[in-house]
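Structure file input.txt (compact mmCIF, C-alpha atoms and all ligand atoms) is printed below.
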```
# COMPACT_ATOMS: atom_id res chain seq x y z
CA MET F 22 19.48 -25.34 12.86
CA ILE F 23 16.67 -23.93 10.76
CA THR F 24 13.42 -23.17 12.55
CA PRO F 25 10.27 -25.01 11.50
CA LEU F 26 9.04 -21.61 10.30
CA LEU F 27 11.14 -20.46 7.33
CA PRO F 28 13.23 -17.70 8.92
CA THR F 29 12.74 -14.97 6.28
CA TYR F 30 11.63 -12.43 8.92
CA ARG F 31 13.56 -10.85 11.80
CA ARG F 32 10.55 -10.77 14.10
CA MET F 33 10.00 -8.62 17.17
CA GLN F 34 9.52 -10.53 20.42
CA VAL F 35 5.85 -9.80 20.79
CA ALA F 36 2.78 -11.83 19.82
CA PHE F 37 -0.63 -10.24 19.71
CA GLU F 38 -3.64 -12.21 20.75
CA ARG F 39 -6.49 -9.82 20.09
CA GLY F 40 -7.29 -6.57 18.34
CA ASP F 41 -10.03 -4.03 18.95
CA GLY F 42 -10.33 -0.88 16.85
CA MET F 43 -7.08 1.10 17.20
CA TYR F 44 -5.56 -1.30 19.74
CA LEU F 45 -3.72 -4.61 19.85
CA PHE F 46 -3.39 -6.73 23.00
CA ASP F 47 -0.63 -9.23 23.74
CA ARG F 48 -0.91 -12.45 25.72
CA ASP F 49 -0.38 -10.62 29.01
CA GLY F 50 -3.21 -8.22 28.20
CA LYS F 51 -0.81 -5.32 27.55
CA ARG F 52 -2.34 -2.75 25.20
CA TYR F 53 -0.59 -1.30 22.13
CA LEU F 54 -1.73 1.58 19.93
CA ASP F 55 -1.63 0.28 16.36
CA PHE F 56 -0.04 2.90 14.11
CA TYR F 57 0.73 0.50 11.28
CA SER F 58 -2.41 -1.59 10.69
CA GLY F 59 -0.43 -4.63 9.53
CA ILE F 60 1.07 -2.51 6.70
CA GLY F 61 -2.05 -0.48 6.05
CA VAL F 62 -4.19 -3.59 5.75
CA VAL F 63 -6.48 -3.26 8.75
CA ALA F 64 -7.61 0.10 7.42
CA LEU F 65 -10.82 0.21 9.47
CA GLY F 66 -9.20 -1.01 12.67
CA HIS F 67 -9.26 -4.45 14.23
CA CYS F 68 -12.47 -6.47 14.21
CA HIS F 69 -14.65 -3.68 12.86
CA PRO F 70 -18.20 -4.88 13.69
CA HIS F 71 -19.52 -4.25 10.15
CA LEU F 72 -16.71 -6.37 8.66
CA VAL F 73 -17.03 -9.10 11.28
CA ARG F 74 -20.76 -9.38 10.57
CA ALA F 75 -20.19 -9.48 6.80
CA LEU F 76 -17.55 -12.21 7.11
CA GLN F 77 -19.57 -14.30 9.57
CA ALA F 78 -22.75 -14.07 7.50
CA GLN F 79 -20.89 -15.13 4.33
CA ALA F 80 -19.01 -17.91 6.18
CA GLU F 81 -22.32 -19.54 6.96
CA LYS F 82 -23.51 -19.38 3.34
CA LEU F 83 -20.67 -20.08 0.89
CA TRP F 84 -16.86 -19.86 1.13
CA HIS F 85 -15.57 -20.67 -2.29
CA VAL F 86 -16.65 -21.38 -5.80
CA SER F 87 -14.53 -21.29 -8.91
CA ASN F 88 -14.40 -18.30 -11.21
CA LEU F 89 -16.04 -20.56 -13.79
CA TYR F 90 -19.31 -19.52 -12.09
CA GLU F 91 -20.97 -16.18 -11.54
CA ILE F 92 -19.91 -14.63 -8.22
CA PRO F 93 -22.45 -11.88 -7.50
CA GLY F 94 -20.31 -10.24 -4.79
CA GLN F 95 -17.54 -9.81 -7.39
CA THR F 96 -19.83 -8.16 -9.90
CA ARG F 97 -21.13 -5.85 -7.19
CA LEU F 98 -17.70 -4.83 -5.88
CA ALA F 99 -16.41 -4.31 -9.42
CA GLU F 100 -19.42 -2.14 -10.31
CA ARG F 101 -18.91 -0.05 -7.18
CA LEU F 102 -15.17 0.42 -7.77
CA VAL F 103 -15.82 1.34 -11.41
CA ALA F 104 -18.46 3.88 -10.32
CA ALA F 105 -16.05 5.42 -7.78
CA THR F 106 -12.91 5.64 -9.97
CA PHE F 107 -11.39 6.16 -13.43
CA ALA F 108 -11.72 2.43 -14.12
CA ASP F 109 -14.09 0.57 -16.45
CA THR F 110 -13.19 -2.92 -15.28
CA VAL F 111 -11.60 -4.78 -12.33
CA PHE F 112 -9.78 -8.10 -11.82
CA PHE F 113 -9.69 -9.45 -8.24
CA THR F 114 -6.62 -11.14 -6.74
CA ASN F 115 -5.49 -12.28 -3.28
CA SER F 116 -2.52 -9.99 -2.86
CA GLY F 117 -0.65 -6.95 -4.05
CA ALA F 118 1.96 -8.96 -5.91
CA GLU F 119 -0.73 -10.67 -7.97
CA SER F 120 -2.32 -7.31 -8.77
CA ILE F 121 1.08 -6.10 -10.01
CA GLU F 122 1.49 -9.26 -12.06
CA CYS F 123 -1.93 -8.65 -13.65
CA ALA F 124 -0.97 -5.04 -14.45
CA ILE F 125 2.32 -6.07 -16.07
CA LYS F 126 0.61 -8.75 -18.15
CA MET F 127 -2.11 -6.27 -19.12
CA VAL F 128 0.44 -3.74 -20.41
CA ARG F 129 2.22 -6.40 -22.48
CA LYS F 130 -0.99 -7.84 -23.87
CA TYR F 131 -2.28 -4.38 -24.76
CA HIS F 132 0.64 -3.65 -27.04
CA HIS F 133 0.76 -7.21 -28.34
CA ASP F 134 -2.86 -7.06 -29.43
CA LYS F 135 -2.36 -3.62 -31.01
CA GLY F 136 0.34 -5.20 -33.17
CA ASP F 137 3.29 -3.83 -31.18
CA LYS F 138 4.69 -7.14 -29.90
CA GLY F 139 8.07 -5.64 -29.00
CA ARG F 140 6.71 -3.08 -26.54
CA TYR F 141 7.00 -5.08 -23.35
CA ARG F 142 9.17 -2.92 -21.09
CA LEU F 143 8.01 -0.90 -18.08
CA ILE F 144 9.80 2.12 -16.64
CA THR F 145 9.82 2.14 -12.83
CA MET F 146 11.39 4.31 -10.13
CA SER F 147 14.22 3.61 -7.70
CA SER F 148 13.37 2.72 -4.08
CA ALA F 149 10.04 1.36 -5.34
CA PHE F 150 8.33 -1.73 -3.97
CA HIS F 151 6.06 -3.84 -6.14
CA GLY F 152 5.82 -7.12 -4.23
CA ARG F 153 7.97 -10.23 -3.94
CA THR F 154 7.28 -12.20 -7.09
CA LEU F 155 10.17 -12.41 -9.56
CA ALA F 156 8.51 -9.77 -11.75
CA GLY F 157 7.79 -7.60 -8.70
CA ILE F 158 11.39 -7.59 -7.48
CA ALA F 159 12.66 -7.07 -11.02
CA ALA F 160 10.29 -4.10 -11.38
CA ALA F 161 11.56 -2.54 -8.14
CA GLY F 162 15.12 -3.41 -9.04
CA GLN F 163 16.45 -2.91 -5.51
CA GLU F 164 19.54 -4.98 -4.72
CA LYS F 165 18.18 -5.91 -1.27
CA LEU F 166 15.19 -7.55 -2.96
CA THR F 167 16.90 -9.12 -5.97
CA HIS F 168 20.23 -10.32 -4.54
CA GLY F 169 20.69 -14.03 -5.13
CA PHE F 170 17.48 -14.44 -7.09
CA GLU F 171 18.92 -13.77 -10.52
CA PRO F 172 18.30 -14.24 -13.38
CA LEU F 173 15.37 -11.87 -13.12
CA PRO F 174 12.59 -11.54 -15.69
CA ASP F 175 13.57 -9.01 -18.32
CA GLY F 176 11.54 -5.93 -19.08
CA PHE F 177 12.05 -3.28 -16.41
CA ASP F 178 14.01 -0.03 -16.59
CA VAL F 179 14.51 1.64 -13.22
CA VAL F 180 15.13 5.40 -13.21
CA PRO F 181 15.92 7.68 -10.23
CA PHE F 182 12.89 8.48 -8.07
CA GLY F 183 10.86 11.48 -9.26
CA ASP F 184 13.20 12.25 -12.18
CA LEU F 185 10.96 13.07 -15.14
CA GLN F 186 13.87 13.70 -17.50
CA ALA F 187 15.25 10.28 -16.69
CA VAL F 188 11.85 8.74 -17.46
CA GLU F 189 11.79 10.50 -20.82
CA ALA F 190 15.35 9.43 -21.59
CA ALA F 191 14.51 5.81 -20.75
CA ILE F 192 11.62 5.64 -23.24
CA GLY F 193 12.58 3.52 -26.21
CA PRO F 194 10.87 1.52 -28.97
CA GLU F 195 10.35 -1.38 -26.54
CA THR F 196 8.75 0.70 -23.76
CA GLY F 197 5.13 -0.21 -23.10
CA GLY F 198 4.35 1.61 -19.89
CA ILE F 199 5.38 3.47 -16.75
CA MET F 200 4.64 2.10 -13.27
CA VAL F 201 4.99 4.16 -10.07
CA GLU F 202 3.65 4.35 -6.55
CA PRO F 203 2.07 7.83 -6.18
CA ILE F 204 3.48 7.70 -2.64
CA GLN F 205 6.25 5.19 -2.09
CA GLY F 206 5.62 3.17 1.06
CA GLU F 207 8.47 0.74 1.67
CA GLY F 208 10.86 3.26 0.09
CA GLY F 209 10.25 5.71 2.95
CA ILE F 210 6.88 7.52 2.49
CA LYS F 211 8.00 9.43 -0.60
CA PRO F 212 5.23 11.23 -2.55
CA VAL F 213 5.79 11.75 -6.27
CA PRO F 214 5.31 15.53 -6.71
CA ASP F 215 2.11 16.53 -8.56
CA ASP F 216 4.01 18.14 -11.43
CA VAL F 217 5.93 14.86 -11.93
CA MET F 218 2.64 12.93 -11.88
CA ARG F 219 1.32 15.24 -14.61
CA GLY F 220 4.59 14.90 -16.52
CA LEU F 221 4.27 11.10 -16.45
CA ARG F 222 0.77 11.35 -17.94
CA ARG F 223 2.04 13.66 -20.67
CA LEU F 224 4.95 11.36 -21.52
CA ALA F 225 2.65 8.34 -21.58
CA ASP F 226 0.25 10.14 -23.92
CA ASP F 227 3.02 11.41 -26.20
CA HIS F 228 4.58 7.95 -26.54
CA GLY F 229 1.49 5.71 -26.49
CA LEU F 230 2.40 4.17 -23.11
CA LEU F 231 0.10 2.89 -20.38
CA LEU F 232 0.42 4.64 -17.02
CA VAL F 233 0.18 2.28 -14.05
CA PHE F 234 -0.17 3.52 -10.48
CA ASP F 235 0.66 1.06 -7.72
CA GLU F 236 -1.76 2.15 -4.98
CA ILE F 237 -1.44 -1.01 -2.94
CA GLN F 238 -0.22 0.96 0.08
CA CYS F 239 -1.30 4.57 -0.59
CA GLY F 240 -4.80 3.83 -1.92
CA MET F 241 -8.19 2.94 -0.45
CA GLY F 242 -8.72 6.12 1.51
CA ARG F 243 -5.29 6.33 3.13
CA THR F 244 -4.65 9.91 1.95
CA GLY F 245 -8.23 11.14 2.28
CA LYS F 246 -9.18 10.30 -1.31
CA LEU F 247 -10.19 6.82 -2.41
CA PHE F 248 -6.93 6.72 -4.40
CA ALA F 249 -3.91 8.96 -3.87
CA TYR F 250 -3.54 9.76 -7.59
CA GLU F 251 -6.76 11.82 -7.35
CA TRP F 252 -4.85 14.62 -5.57
CA SER F 253 -2.69 15.17 -8.67
CA GLY F 254 -5.63 15.46 -11.06
CA VAL F 255 -3.98 12.84 -13.29
CA THR F 256 -5.97 9.90 -14.66
CA PRO F 257 -4.13 6.57 -14.89
CA ASP F 258 -4.76 3.66 -17.26
CA ILE F 259 -4.25 0.94 -14.66
CA VAL F 260 -4.24 0.97 -10.83
CA THR F 261 -3.16 -1.87 -8.57
CA SER F 262 -4.81 -2.18 -5.17
CA ALA F 263 -4.56 -4.56 -2.20
CA LYS F 264 -3.86 -4.14 1.54
CA GLY F 265 -6.61 -1.79 2.80
CA ILE F 266 -9.14 -2.95 0.19
CA GLY F 267 -9.77 -6.13 2.20
CA GLY F 268 -9.60 -4.57 5.66
CA GLY F 269 -7.56 -7.58 6.83
CA PHE F 270 -8.96 -10.28 4.56
CA PRO F 271 -6.54 -11.16 1.73
CA LEU F 272 -7.79 -9.22 -1.30
CA GLY F 273 -6.24 -7.34 -4.19
CA ALA F 274 -7.51 -5.76 -7.38
CA CYS F 275 -6.27 -4.53 -10.71
CA LEU F 276 -8.41 -1.66 -12.04
CA ALA F 277 -8.18 -0.53 -15.65
CA THR F 278 -9.77 1.48 -18.40
CA GLU F 279 -11.57 -0.39 -21.15
CA ASP F 280 -8.78 0.45 -23.61
CA ALA F 281 -5.93 -0.65 -21.30
CA ALA F 282 -7.74 -3.92 -20.54
CA SER F 283 -8.65 -4.61 -24.15
CA GLY F 284 -6.26 -7.54 -24.48
CA MET F 285 -7.50 -9.38 -21.39
CA THR F 286 -10.11 -11.54 -23.05
CA ALA F 287 -11.56 -14.87 -21.83
CA GLY F 288 -8.85 -17.39 -21.03
CA THR F 289 -5.92 -14.95 -20.98
CA HIS F 290 -5.64 -14.64 -17.19
CA GLY F 291 -7.10 -16.27 -14.11
CA THR F 292 -6.93 -17.11 -10.41
CA THR F 293 -8.32 -19.86 -8.21
CA TYR F 294 -8.98 -17.90 -5.02
CA GLY F 295 -9.14 -14.36 -6.36
CA GLY F 296 -12.53 -12.75 -5.77
CA ASN F 297 -13.94 -15.61 -3.71
CA PRO F 298 -17.22 -15.00 -1.87
CA LEU F 299 -15.58 -14.45 1.55
CA ALA F 300 -13.21 -11.81 0.19
CA MET F 301 -16.03 -10.15 -1.73
CA ALA F 302 -18.28 -9.98 1.32
CA VAL F 303 -15.54 -8.21 3.28
CA GLY F 304 -14.43 -6.05 0.34
CA ASN F 305 -17.97 -4.78 -0.15
CA ALA F 306 -18.26 -4.12 3.60
CA VAL F 307 -15.01 -2.10 3.55
CA LEU F 308 -16.33 -0.03 0.68
CA ASP F 309 -19.64 0.56 2.51
CA ILE F 310 -17.67 2.43 5.14
CA LEU F 311 -15.09 4.18 2.94
CA LEU F 312 -17.86 5.58 0.74
CA GLU F 313 -20.07 6.73 3.63
CA PRO F 314 -20.60 10.48 3.22
CA GLY F 315 -17.96 12.34 5.21
CA PHE F 316 -15.70 9.34 5.92
CA LEU F 317 -12.86 10.38 3.60
CA ASN F 318 -13.16 14.03 4.68
CA ARG F 319 -12.61 12.83 8.23
CA VAL F 320 -9.49 10.96 7.10
CA THR F 321 -8.20 14.23 5.63
CA GLU F 322 -8.94 16.06 8.90
CA MET F 323 -7.20 13.42 10.98
CA GLY F 324 -4.28 13.36 8.52
CA ASP F 325 -3.90 17.12 8.86
CA ALA F 326 -4.05 16.82 12.65
CA LEU F 327 -1.42 14.07 12.64
CA HIS F 328 0.92 16.03 10.36
CA ALA F 329 0.54 19.19 12.49
CA ARG F 330 1.47 17.24 15.62
CA LEU F 331 4.41 15.55 13.88
CA ALA F 332 5.66 18.94 12.63
CA ALA F 333 5.58 20.21 16.23
CA LEU F 334 7.43 17.08 17.32
CA GLN F 335 10.10 17.80 14.72
CA GLN F 336 10.52 21.35 16.10
CA ARG F 337 10.97 19.92 19.56
CA PHE F 338 13.46 17.24 18.51
CA PRO F 339 15.30 18.65 15.47
CA GLU F 340 18.37 16.61 16.44
CA HIS F 341 16.40 13.43 15.75
CA ILE F 342 13.74 14.32 13.16
CA ALA F 343 15.04 15.67 9.86
CA GLU F 344 11.75 15.60 7.99
CA VAL F 345 8.04 14.80 8.26
CA ARG F 346 6.78 13.14 5.11
CA GLY F 347 3.60 11.84 3.56
CA HIS F 348 -0.01 12.70 2.98
CA GLY F 349 -3.07 12.09 5.11
CA LEU F 350 -2.78 9.00 7.28
CA MET F 351 0.37 7.85 5.50
CA ALA F 352 3.17 9.57 7.38
CA GLY F 353 6.88 9.19 7.96
CA LEU F 354 9.50 10.67 10.25
CA ARG F 355 12.96 10.69 8.70
CA VAL F 356 15.35 10.10 11.59
CA PRO F 357 18.89 10.04 10.14
CA GLY F 358 20.60 9.55 13.52
CA VAL F 359 18.39 6.69 14.63
CA GLU F 360 18.22 3.21 13.16
CA PRO F 361 14.46 2.69 12.56
CA ARG F 362 14.90 -1.06 12.91
CA ALA F 363 16.07 -0.45 16.49
CA ALA F 364 13.79 2.50 17.21
CA VAL F 365 10.62 0.68 16.27
CA PRO F 366 11.01 -2.22 18.76
CA ASP F 367 11.78 0.41 21.41
CA LEU F 368 8.52 2.21 20.55
CA VAL F 369 6.58 -1.06 20.49
CA GLY F 370 7.90 -1.72 24.00
CA ARG F 371 6.37 1.62 24.98
CA GLY F 372 3.00 0.59 23.56
CA LEU F 373 3.11 2.27 20.14
CA CYS F 374 3.39 0.26 16.89
CA PRO F 375 4.72 2.15 13.88
CA ALA F 376 7.08 0.42 11.39
CA PRO F 377 10.44 1.03 9.79
CA ALA F 378 10.72 2.00 6.12
CA GLY F 379 13.58 2.75 3.74
CA ASP F 380 15.58 5.98 3.89
CA ASN F 381 15.75 5.91 7.73
CA VAL F 382 12.06 6.51 8.13
CA ILE F 383 9.68 5.59 10.95
CA ARG F 384 6.46 4.86 9.06
CA MET F 385 2.89 5.38 10.23
CA LEU F 386 -0.22 3.91 8.59
CA PRO F 387 -2.76 4.04 11.44
CA PRO F 388 -6.29 2.70 10.98
CA LEU F 389 -8.44 5.30 9.22
CA ILE F 390 -10.86 5.34 12.18
CA ILE F 391 -8.25 7.19 14.26
CA GLU F 392 -9.38 9.99 16.59
CA ASN F 393 -7.56 12.97 18.10
CA SER F 394 -7.11 11.16 21.41
CA HIS F 395 -5.08 8.45 19.62
CA ILE F 396 -2.86 11.06 17.98
CA ASP F 397 -2.30 12.61 21.45
CA GLU F 398 -1.40 9.21 22.84
CA ALA F 399 1.07 8.49 20.02
CA VAL F 400 2.73 11.91 20.29
CA ASP F 401 3.12 11.46 24.07
CA ILE F 402 4.91 8.16 23.48
CA TYR F 403 7.15 9.68 20.78
CA GLU F 404 8.02 12.57 23.12
CA ALA F 405 9.01 10.24 25.92
CA ALA F 406 11.04 8.10 23.52
CA PHE F 407 12.86 10.97 21.79
CA SER F 408 13.61 12.54 25.20
CA ASP F 409 15.11 9.28 26.41
CA TRP F 410 17.08 8.88 23.20
CA SER F 411 18.41 12.45 23.58
CA ALA F 412 19.53 11.65 27.11
CA GLY F 413 20.88 8.18 26.57
CA GLY F 414 21.47 7.98 22.83
CA PRO F 415 19.23 6.20 20.36
CA PRO F 416 18.66 2.49 20.84
CA ALA F 417 21.35 0.28 19.36
CA PRO F 418 20.40 -1.85 16.36
C1 LIG F 501 2.70 -4.37 -0.12
C2 LIG F 501 2.93 -3.83 -1.47
C3 LIG F 501 2.98 -4.67 -2.59
C4 LIG F 501 2.90 -6.17 -2.46
O1 LIG F 501 1.72 -6.60 -1.88
P1 LIG F 501 1.62 -8.10 -1.28
O2 LIG F 501 0.19 -8.23 -0.85
O3 LIG F 501 2.61 -8.20 -0.16
O4 LIG F 501 1.96 -9.02 -2.38
C5 LIG F 501 3.16 -4.08 -3.82
N1 LIG F 501 3.26 -2.75 -3.96
C6 LIG F 501 3.19 -1.91 -2.91
C7 LIG F 501 3.27 -0.43 -3.12
C8 LIG F 501 3.05 -2.43 -1.63
O5 LIG F 501 3.03 -1.60 -0.58
```
In structure tokens, write the structure found in this file.
Ligand SMILES: *Cc1c(COP(=O)(O)O)cnc(C)c1O
Amino acid sequence: MITPLLPTYRRMQVAFERGDGMYLFDRDGKRYLDFYSGIGVVALGHCHPHLVRALQAQAEKLWHVSNLYEIPGQTRLAERLVAATFADTVFFTNSGAESIECAIKMVRKYHHDKGDKGRYRLITMSSAFHGRTLAGIAAAGQEKLTHGFEPLPDGFDVVPFGDLQAVEAAIGPETGGIMVEPIQGEGGIKPVPDDVMRGLRRLADDHGLLLVFDEIQCGMGRTGKLFAYEWSGVTPDIVTSAKGIGGGFPLGACLATEDAASGMTAGTHGTTYGGNPLAMAVGNAVLDILLEPGFLNRVTEMGDALHARLAALQQRFPEHIAEVRGHGLMAGLRVPGVEPRAAVPDLVGRGLCPAPAGDNVIRMLPPLIIENSHIDEAVDIYEAAFSDWSAGGPPAP
């Protein structure tokens, strides 16, 4: 018999009641170190006082008005994001999938309005994740996402991850853009190498394509820069954001250059909830902290510390850990002999919450406010777990 709650998730048998900074607490008061932040969403930790105050103050003033009116918090957040990035303009959404949808529509409209109506296709990379709308699953092209949901919207050409030659070969007269995650999240914490990032920019320039970076998981300070693409020195035309940008309040954004956004004139796109005053109050509060002098440098320091400790862990347990991946506070352990979907509940039972990802990876996206003591605590738990798994075999799926 179907459960009242649509059973699309295989959920772990734990329910959290409260969160405080780096920690979650269940109904029995047991404490868990959060190394996943609700998929990188709670980027400043649970119930950050600055965010709580911003949300409470706004909740007492105004929750929602339509985008038919001026929303000053939107203008302010857009101006601040524009000042901090490559972008000239921003559209606010409620989720990553909607940001992706905006980006896809923007690419199509761009070419349409330049008189190139047939250039509607986007090249994407295998093992990508671009959200769960029909266009998002078609863009990612993974069988596990698309199976049973066909027919899918047309317009996406998936090439092997990181393969620049395959991207070039896939460019045809109908290609309008290239869309990649600078670091794949769901796919298993896979960074696109810098030379490939630069190659994508070159190909886009040579062929008049728009370059879209999906930074929904890797952006908003996660790697120690506001956006991960900044490490490569490449400038995109469009960036999608969500997750960390709202610090736990549903918020997404599509950032673009003036040229890329040139087709998105009044009436061409819209949203009821996107950019509502509550989301804008929290979004601005998140940015207050991310842009504080020294904050992102501290993320880099903590990311380096985490990676150093994970590298040492790999040396200690080479039979389990084949590879440490990622950048900054976006990290993965590839554990070919362990099923991450079984390992993660085992770790959660020990009081540490990472998450599984593709390619047999245990994924870590801890809150950016992490300190060395939390890294110590996580590594202690991993050591105990890997020791037990060496003695008694890895947990069964
Ligand atoms: C989570 C994610 C999405 C989808 O975001 P939702 O808010 O779940 O719609 C898209 N792209 C990437 C890279 C993501 O990590």
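Between atom CA of F:Tyr53 and atom CA of F:Pro271 the separation is 23.4 Å.
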> Expressed in Å to a single decimal, how great is the separation between atom CA of F:Asn115 and atom CA of F:Gly273?
Replying inline: 5.1 Å
>> Around (-15.4, -11.9, -12.5), as given in the file, which residues come within 8 Å? Count all atoms listed in the file and list them as a VMD selection string.
In response: chain F and resid 88 91 to 92 95 to 96 112 to 113 296
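Distance annotation: of F:Ala302, F:Ile60, F:Leu72, F:Met127, the residue with the minimal separation from ligand LIG 501 (chain F) is F:Ile60; atom set is only C-alpha atoms and all ligand atoms.
Atom pair atom CA of F:Val63 / atom CA of F:Gly268: separated by 4.6 Å.
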Quick one: contact table of chain F to ligand LIG 501 (chain F), 10 Å max, nearest atom pair and distance in Å to one decimal per residue, counting only C-alpha atoms and all ligand atoms, chain and number order, as JSON lines?
```
{"residue": "F:Ile60", "atom": "CA", "partner": "F:LIG501", "partner_atom": "C1", "distance": 7.3}
{"residue": "F:Gly61", "atom": "CA", "partner": "F:LIG501", "partner_atom": "O5", "distance": 8.4}
{"residue": "F:Val62", "atom": "CA", "partner": "F:LIG501", "partner_atom": "C1", "distance": 9.1}
{"residue": "F:Thr114", "atom": "CA", "partner": "F:LIG501", "partner_atom": "O2", "distance": 9.5}
{"residue": "F:Asn115", "atom": "CA", "partner": "F:LIG501", "partner_atom": "O2", "distance": 7.4}
{"residue": "F:Ser116", "atom": "CA", "partner": "F:LIG501", "partner_atom": "O2", "distance": 3.8}
{"residue": "F:Gly117", "atom": "CA", "partner": "F:LIG501", "partner_atom": "O1", "distance": 3.2}
{"residue": "F:Ala118", "atom": "CA", "partner": "F:LIG501", "partner_atom": "O4", "distance": 3.5}
{"residue": "F:Glu119", "atom": "CA", "partner": "F:LIG501", "partner_atom": "O4", "distance": 6.4}
{"residue": "F:Ser120", "atom": "CA", "partner": "F:LIG501", "partner_atom": "O4", "distance": 7.9}
{"residue": "F:Ile121", "atom": "CA", "partner": "F:LIG501", "partner_atom": "C5", "distance": 6.8}
{"residue": "F:Glu122", "atom": "CA", "partner": "F:LIG501", "partner_atom": "O4", "distance": 9.7}
{"residue": "F:Ala149", "atom": "CA", "partner": "F:LIG501", "partner_atom": "C7", "distance": 7.3}
{"residue": "F:Phe150", "atom": "CA", "partner": "F:LIG501", "partner_atom": "N1", "distance": 5.2}
{"residue": "F:His151", "atom": "CA", "partner": "F:LIG501", "partner_atom": "N1", "distance": 3.7}
{"residue": "F:Gly152", "atom": "CA", "partner": "F:LIG501", "partner_atom": "C4", "distance": 3.5}
{"residue": "F:Arg153", "atom": "CA", "partner": "F:LIG501", "partner_atom": "O4", "distance": 6.3}
{"residue": "F:Thr154", "atom": "CA", "partner": "F:LIG501", "partner_atom": "O4", "distance": 7.8}
{"residue": "F:Gly157", "atom": "CA", "partner": "F:LIG501", "partner_atom": "C5", "distance": 7.6}
{"residue": "F:Ile158", "atom": "CA", "partner": "F:LIG501", "partner_atom": "C5", "distance": 9.7}
{"residue": "F:Ala161", "atom": "CA", "partner": "F:LIG501", "partner_atom": "N1", "distance": 9.3}
{"residue": "F:Val201", "atom": "CA", "partner": "F:LIG501", "partner_atom": "C7", "distance": 8.5}
{"residue": "F:Glu202", "atom": "CA", "partner": "F:LIG501", "partner_atom": "C7", "distance": 5.9}
{"residue": "F:Pro203", "atom": "CA", "partner": "F:LIG501", "partner_atom": "C7", "distance": 8.9}
{"residue": "F:Ile204", "atom": "CA", "partner": "F:LIG501", "partner_atom": "C7", "distance": 8.1}
{"residue": "F:Gln205", "atom": "CA", "partner": "F:LIG501", "partner_atom": "C7", "distance": 6.4}
{"residue": "F:Gly206", "atom": "CA", "partner": "F:LIG501", "partner_atom": "O5", "distance": 5.7}
{"residue": "F:Glu207", "atom": "CA", "partner": "F:LIG501", "partner_atom": "O5", "distance": 6.3}
{"residue": "F:Gly208", "atom": "CA", "partner": "F:LIG501", "partner_atom": "C7", "distance": 9.0}
{"residue": "F:Phe234", "atom": "CA", "partner": "F:LIG501", "partner_atom": "C7", "distance": 9.0}
{"residue": "F:Asp235", "atom": "CA", "partner": "F:LIG501", "partner_atom": "C7", "distance": 5.5}
{"residue": "F:Glu236", "atom": "CA", "partner": "F:LIG501", "partner_atom": "C7", "distance": 6.0}
{"residue": "F:Ile237", "atom": "CA", "partner": "F:LIG501", "partner_atom": "C6", "distance": 4.7}
{"residue": "F:Gln238", "atom": "CA", "partner": "F:LIG501", "partner_atom": "O5", "distance": 4.2}
{"residue": "F:Cys239", "atom": "CA", "partner": "F:LIG501", "partner_atom": "C7", "distance": 7.2}
{"residue": "F:Gly240", "atom": "CA", "partner": "F:LIG501", "partner_atom": "C7", "distance": 9.2}
{"residue": "F:Thr261", "atom": "CA", "partner": "F:LIG501", "partner_atom": "N1", "distance": 8.0}
{"residue": "F:Ser262", "atom": "CA", "partner": "F:LIG501", "partner_atom": "N1", "distance": 8.2}
{"residue": "F:Ala263", "atom": "CA", "partner": "F:LIG501", "partner_atom": "O2", "distance": 6.2}
{"residue": "F:Lys264", "atom": "CA", "partner": "F:LIG501", "partner_atom": "O2", "distance": 6.2}
{"residue": "F:Pro271", "atom": "CA", "partner": "F:LIG501", "partner_atom": "O2", "distance": 7.8}
{"residue": "F:Leu272", "atom": "CA", "partner": "F:LIG501", "partner_atom": "O2", "distance": 8.1}
{"residue": "F:Gly273", "atom": "CA", "partner": "F:LIG501", "partner_atom": "O2", "distance": 7.3}
```
Draw an axis-aligned box over all listed atoms of stretch 120-129 of chain F, pad each side with 6 Å, and write its centre and edge lengths in Å, one decimal, as JSON.
```
{"center_x": 0.0, "center_y": -6.5, "center_z": -15.6, "size_x": 16.6, "size_y": 17.5, "size_z": 25.7}
```
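Excluding F:Gly198 itself and same-chain residues fewer than 3 positions from it, the residues having an atom within 10 Å of it are Ile125, Val128, Arg129, His132, Arg140, Tyr141, Arg142, Leu143, Ile144, Thr145, Phe177, Ile192, Glu195, Leu224, Ala225, His228, Gly229, Leu230, Leu231, Leu232, Val233 and Asp258 of chain F, counting only C-alpha atoms.
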Show me, as a short mmCIF file (atom, residue, chain, number, x, y, z; two decimals) with C-alpha atoms, in the frame of the given file, the residues that have an atom within 12 Å of F:Leu327 when counting all atoms listed in the file, minus same-chain residues fewer than 6 positions from it.
```cif
data_model
loop_
_atom_site.label_atom_id
_atom_site.label_comp_id
_atom_site.auth_asym_id
_atom_site.auth_seq_id
_atom_site.Cartn_x
_atom_site.Cartn_y
_atom_site.Cartn_z
CA PHE F 56 -0.04 2.90 14.11
CA THR F 244 -4.65 9.91 1.95
CA VAL F 320 -9.49 10.96 7.10
CA THR F 321 -8.20 14.23 5.63
CA ALA F 333 5.58 20.21 16.23
CA LEU F 334 7.43 17.08 17.32
CA VAL F 345 8.04 14.80 8.26
CA ARG F 346 6.78 13.14 5.11
CA GLY F 347 3.60 11.84 3.56
CA HIS F 348 -0.01 12.70 2.98
CA GLY F 349 -3.07 12.09 5.11
CA LEU F 350 -2.78 9.00 7.28
CA MET F 351 0.37 7.85 5.50
CA ALA F 352 3.17 9.57 7.38
CA GLY F 353 6.88 9.19 7.96
CA LEU F 354 9.50 10.67 10.25
CA MET F 385 2.89 5.38 10.23
CA LEU F 386 -0.22 3.91 8.59
CA PRO F 387 -2.76 4.04 11.44
CA LEU F 389 -8.44 5.30 9.22
CA ILE F 391 -8.25 7.19 14.26
CA GLU F 392 -9.38 9.99 16.59
CA ASN F 393 -7.56 12.97 18.10
CA SER F 394 -7.11 11.16 21.41
CA HIS F 395 -5.08 8.45 19.62
CA ILE F 396 -2.86 11.06 17.98
CA ASP F 397 -2.30 12.61 21.45
CA GLU F 398 -1.40 9.21 22.84
CA ALA F 399 1.07 8.49 20.02
CA VAL F 400 2.73 11.91 20.29
#
```
